[in-house]
Amino acid sequence: MLSSCRPAETQPLSRKNFANVLAYILNVIFTYGVGQAGFLGTPDNGELSDKYQTIVTPKSDAFRIWIVIFMFQLLFTIVQLLPKFRATPMVQQGVSYWYCLVSAMQIGWTFSFAYEIIPLSLAFMLALYVSLMALLYSQYHTESDKSLGEFWLLRFPFAIHGGWITAASALNVNVQVVASKAPADIQLAVAIVSLAVLHAISVWVLYQIQRPNWTIACVLAWAFGYIYHELASPNDLINETFSLETINGVRYAAFAVGVIIIPLQIILRLALLAKPKFNPYRASADSDGATHESETKALSPDVEAGVVVTGANREEDGEVN
């Protein structure tokens with residue numbers, strides 16, 4: 001109980017801080033070791049992606065986003081050990097143990113996909129998505145100092161991860177359809193629905209929630225852009241499954257959403273910030289200022305009444321020596 005009264009800078013490291021370090025280390029070891037390096041003798045993620053290629057699989061360059069994700073999560077893992085951040089609400093209540101669950105689900109997906117248990121890998125991927133959304137929801141409703149440092153070090157690492165896993169979840173649904181050897185018309189239908197759902201999510205994170213999640217929208221545009229690039233020269237499986245007209249139709253749709261529509265949505269939402277009623281950041285600042293002003297008034301002397309609040313009229317009671 002006494003430790004809760006200490007300033008954040010003097011708080012000791014908690015089990016949550018150590019758990020985050022362990023989660024990151026295990027996640028990197030297994031995700032890279034099994035998924036990329038093939039430590040267990042299984043195919044790597046690139047080989048399996050080619051084997052289960054879908055019409056909405058992004059170009060392999062898109063997966064370099066994992067470098068950014070793991071770099072920023074490494075930064076988070078380090079700074080959340082520092083006195084300035086270790087006991088902040090964004091770490092202790094916002095992240096809590098959610099990152100441990102996220103890492104566990106990602107490790108589970110890595111193993112199940114490596115061994116080509118596709119239905120199980122889909123289940124892990126969806127659980128990973130839910131875990132990340134729960135972490136972002138928790139951070140969204142946690143007390144924030146609204147600083148750029150807090151955003152880039154404590155929040156961005158999970159927002160970019162959440163954006164990519166949103167796209168990866170849709171991709172994994174399509175992988176399941178391909179693995180089940182569904183006919184081309186079913187594959188196309190699922191692909192179209194997947195793209196529509198991803199676009200709807202981009203609209204929701206920009207316009208529906210009070211403080212937009214710009215990161216997720218940008219990551220989805222990234223994914224759409226690389227779907228367009230991949231379909232410029234699709235692999236043999238896609239050419240054998242779909243006609244050129246169908247491939248180009250999906251390609252141009254991906255271009256329209258990723259390169260035109262989502263960027264325009266972002267620009268429009270940024271423009272709306274000029275109007276106070278559409279600017280949650282200004283509203284939050286005004287609210288904080290009003291709260292501070294009311295607290296100041298409550299602690300200041302009531303000049304008009306001629307009464308000092310802290311004095312409590314002690315002179316009239318004869319309590320002054």
# chains A, B, ... in the order shown; residues from 1 in each chain; ligands from 1

call {"tool": "select_by_dssp", "arguments": {"residues": "range 3-82 of chain A", "states": "helix (DSSP H, G or I)", "output": "ChimeraX atom specification"}}
result
/A:3-5,8-10,15-35,45-51,60-79

call {"tool": "residues_around", "arguments": {"residues": "Pro43 in chain A", "least_positions_apart": "6", "cutoff": "9 Å", "atoms": "only C-alpha atoms", "output": "PyMOL selection string"}}
result
chain A and resi 34-37+114-115

call {"tool": "write_last_selection", "arguments": {"atoms": "C-alpha atoms", "output": "compact mmCIF listing (two decimals), in the first residue's frame"}}
result
# COMPACT_ATOMS: atom_id res chain seq x y z
CA VAL A 34 10.54 -21.11 -36.03
CA GLY A 35 8.81 -18.79 -38.51
CA GLN A 36 11.86 -17.46 -40.35
CA ALA A 37 14.98 -19.47 -39.53
CA ALA A 114 4.81 -23.87 -39.37
CA TYR A 115 3.32 -27.35 -39.00

call {"tool": "closest_atom_pairs", "arguments": {"of": "range 145-246 of chain A", "to": "range 83-101 of chain A", "cutoff": "10 Å", "atoms": "only C-alpha atoms", "output": "tab-separated table"}}
result
residue	atom	partner	partner_atom	distance
A:Asp145	CA	A:Met90	CA	9.0
A:Glu150	CA	A:Met90	CA	8.1
A:Phe151	CA	A:Met90	CA	9.8
A:Leu153	CA	A:Phe85	CA	9.6
A:Leu154	CA	A:Met90	CA	7.1
A:Arg155	CA	A:Met90	CA	8.1
A:Phe158	CA	A:Tyr99	CA	8.7

call {"tool": "write_last_selection", "arguments": {"atoms": "N, CA and C atoms", "output": "PDB file, in the first residue's frame"}}
result
ATOM      1  N   ASP A 145      -0.802  10.992 -20.327  1.00  0.00           N
ATOM      2  CA  ASP A 145      -0.230  12.337 -20.209  1.00  0.00           C
ATOM      3  C   ASP A 145      -0.229  13.063 -21.546  1.00  0.00           C
ATOM      4  N   GLU A 150       5.053   9.364 -24.767  1.00  0.00           N
ATOM      5  CA  GLU A 150       4.168   8.268 -24.378  1.00  0.00           C
ATOM      6  C   GLU A 150       3.596   7.570 -25.606  1.00  0.00           C
ATOM      7  N   PHE A 151       3.216   8.343 -26.619  1.00  0.00           N
ATOM      8  CA  PHE A 151       2.636   7.739 -27.818  1.00  0.00           C
ATOM      9  C   PHE A 151       3.640   6.838 -28.520  1.00  0.00           C
ATOM     10  N   LEU A 153       6.548   5.562 -27.582  1.00  0.00           N
ATOM     11  CA  LEU A 153       7.225   4.518 -26.813  1.00  0.00           C
ATOM     12  C   LEU A 153       6.277   3.498 -26.190  1.00  0.00           C
ATOM     13  N   LEU A 154       5.085   3.941 -25.805  1.00  0.00           N
ATOM     14  CA  LEU A 154       4.189   3.062 -25.057  1.00  0.00           C
ATOM     15  C   LEU A 154       2.936   2.652 -25.818  1.00  0.00           C
ATOM     16  N   ARG A 155       2.567   3.411 -26.840  1.00  0.00           N
ATOM     17  CA  ARG A 155       1.315   3.111 -27.527  1.00  0.00           C
ATOM     18  C   ARG A 155       1.503   2.697 -28.994  1.00  0.00           C
ATOM     19  N   PHE A 158       2.093  -1.044 -30.178  1.00  0.00           N
ATOM     20  CA  PHE A 158       0.956  -1.964 -30.207  1.00  0.00           C
ATOM     21  C   PHE A 158      -0.084  -1.550 -31.250  1.00  0.00           C
TER      22      PHE A 158
END

call {"tool": "residues_around", "arguments": {"residues": "Ala167 in chain A", "least_positions_apart": "3", "cutoff": "12 Å", "atoms": "only C-alpha atoms", "output": "ChimeraX atom specification"}}
result
/A:56-58,62-63,125-126,129,160-164,170-174,191,194-199,201-202,216-227

call {"tool": "write_last_selection", "arguments": {"atoms": "C-alpha atoms", "output": "mmCIF file, in the first residue's frame"}}
result
data_model
loop_
_atom_site.group_PDB
_atom_site.id
_atom_site.type_symbol
_atom_site.label_atom_id
_atom_site.label_comp_id
_atom_site.auth_asym_id
_atom_site.auth_seq_id
_atom_site.Cartn_x
_atom_site.Cartn_y
_atom_site.Cartn_z
ATOM 1 C CA VAL A 56 -5.272 -10.908 -51.380
ATOM 2 C CA THR A 57 -1.774 -11.941 -50.257
ATOM 3 C CA PRO A 58 0.459 -8.825 -50.175
ATOM 4 C CA ALA A 62 5.000 -5.768 -47.045
ATOM 5 C CA PHE A 63 6.089 -8.181 -44.332
ATOM 6 C CA MET A 125 -4.535 -15.504 -35.366
ATOM 7 C CA LEU A 126 -8.052 -14.430 -34.418
ATOM 8 C CA TYR A 129 -6.250 -10.032 -33.012
ATOM 9 C CA ILE A 160 1.168 -0.744 -35.573
ATOM 10 C CA HIS A 161 1.088 -4.389 -34.466
ATOM 11 C CA GLY A 162 -2.701 -4.214 -34.192
ATOM 12 C CA GLY A 163 -3.012 -2.688 -37.652
ATOM 13 C CA TRP A 164 -0.910 -5.410 -39.253
ATOM 14 C CA ALA A 170 -8.285 -11.258 -43.055
ATOM 15 C CA LEU A 171 -5.432 -12.895 -44.959
ATOM 16 C CA ASN A 172 -5.521 -15.975 -42.731
ATOM 17 C CA VAL A 173 -9.237 -16.420 -43.370
ATOM 18 C CA ASN A 174 -8.403 -16.541 -47.090
ATOM 19 C CA ALA A 191 -11.466 -12.116 -50.808
ATOM 20 C CA SER A 194 -12.247 -9.432 -46.640
ATOM 21 C CA LEU A 195 -11.247 -6.274 -48.500
ATOM 22 C CA ALA A 196 -14.607 -4.685 -47.718
ATOM 23 C CA VAL A 197 -14.279 -5.493 -44.011
ATOM 24 C CA LEU A 198 -10.761 -4.058 -43.877
ATOM 25 C CA HIS A 199 -11.953 -0.857 -45.521
ATOM 26 C CA ILE A 201 -12.392 -0.985 -40.186
ATOM 27 C CA SER A 202 -10.322 1.871 -41.630
ATOM 28 C CA ILE A 216 -4.195 1.300 -37.953
ATOM 29 C CA ALA A 217 -5.628 3.195 -40.933
ATOM 30 C CA CYS A 218 -2.131 3.819 -42.335
ATOM 31 C CA VAL A 219 -1.102 0.177 -41.882
ATOM 32 C CA LEU A 220 -4.223 -1.004 -43.725
ATOM 33 C CA ALA A 221 -3.367 1.349 -46.600
ATOM 34 C CA TRP A 222 0.114 -0.217 -46.577
ATOM 35 C CA ALA A 223 -1.389 -3.708 -46.860
ATOM 36 C CA PHE A 224 -3.744 -2.719 -49.693
ATOM 37 C CA GLY A 225 -0.879 -1.113 -51.588
ATOM 38 C CA TYR A 226 1.197 -4.285 -51.463
ATOM 39 C CA ILE A 227 -1.752 -6.430 -52.548
#

call {"tool": "closest_residue", "arguments": {"among": "A:Arg269, A:Ala23, A:Thr241, A:Trp109", "to": "Gln208 in chain A", "atoms": "only C-alpha atoms"}}
result
A:Arg269

call {"tool": "closest_residue", "arguments": {"among": "A:Tyr140, A:Tyr52, A:Tyr228, A:Trp152", "to": "Arg211 in chain A", "atoms": "only C-alpha atoms"}}
result
A:Tyr140
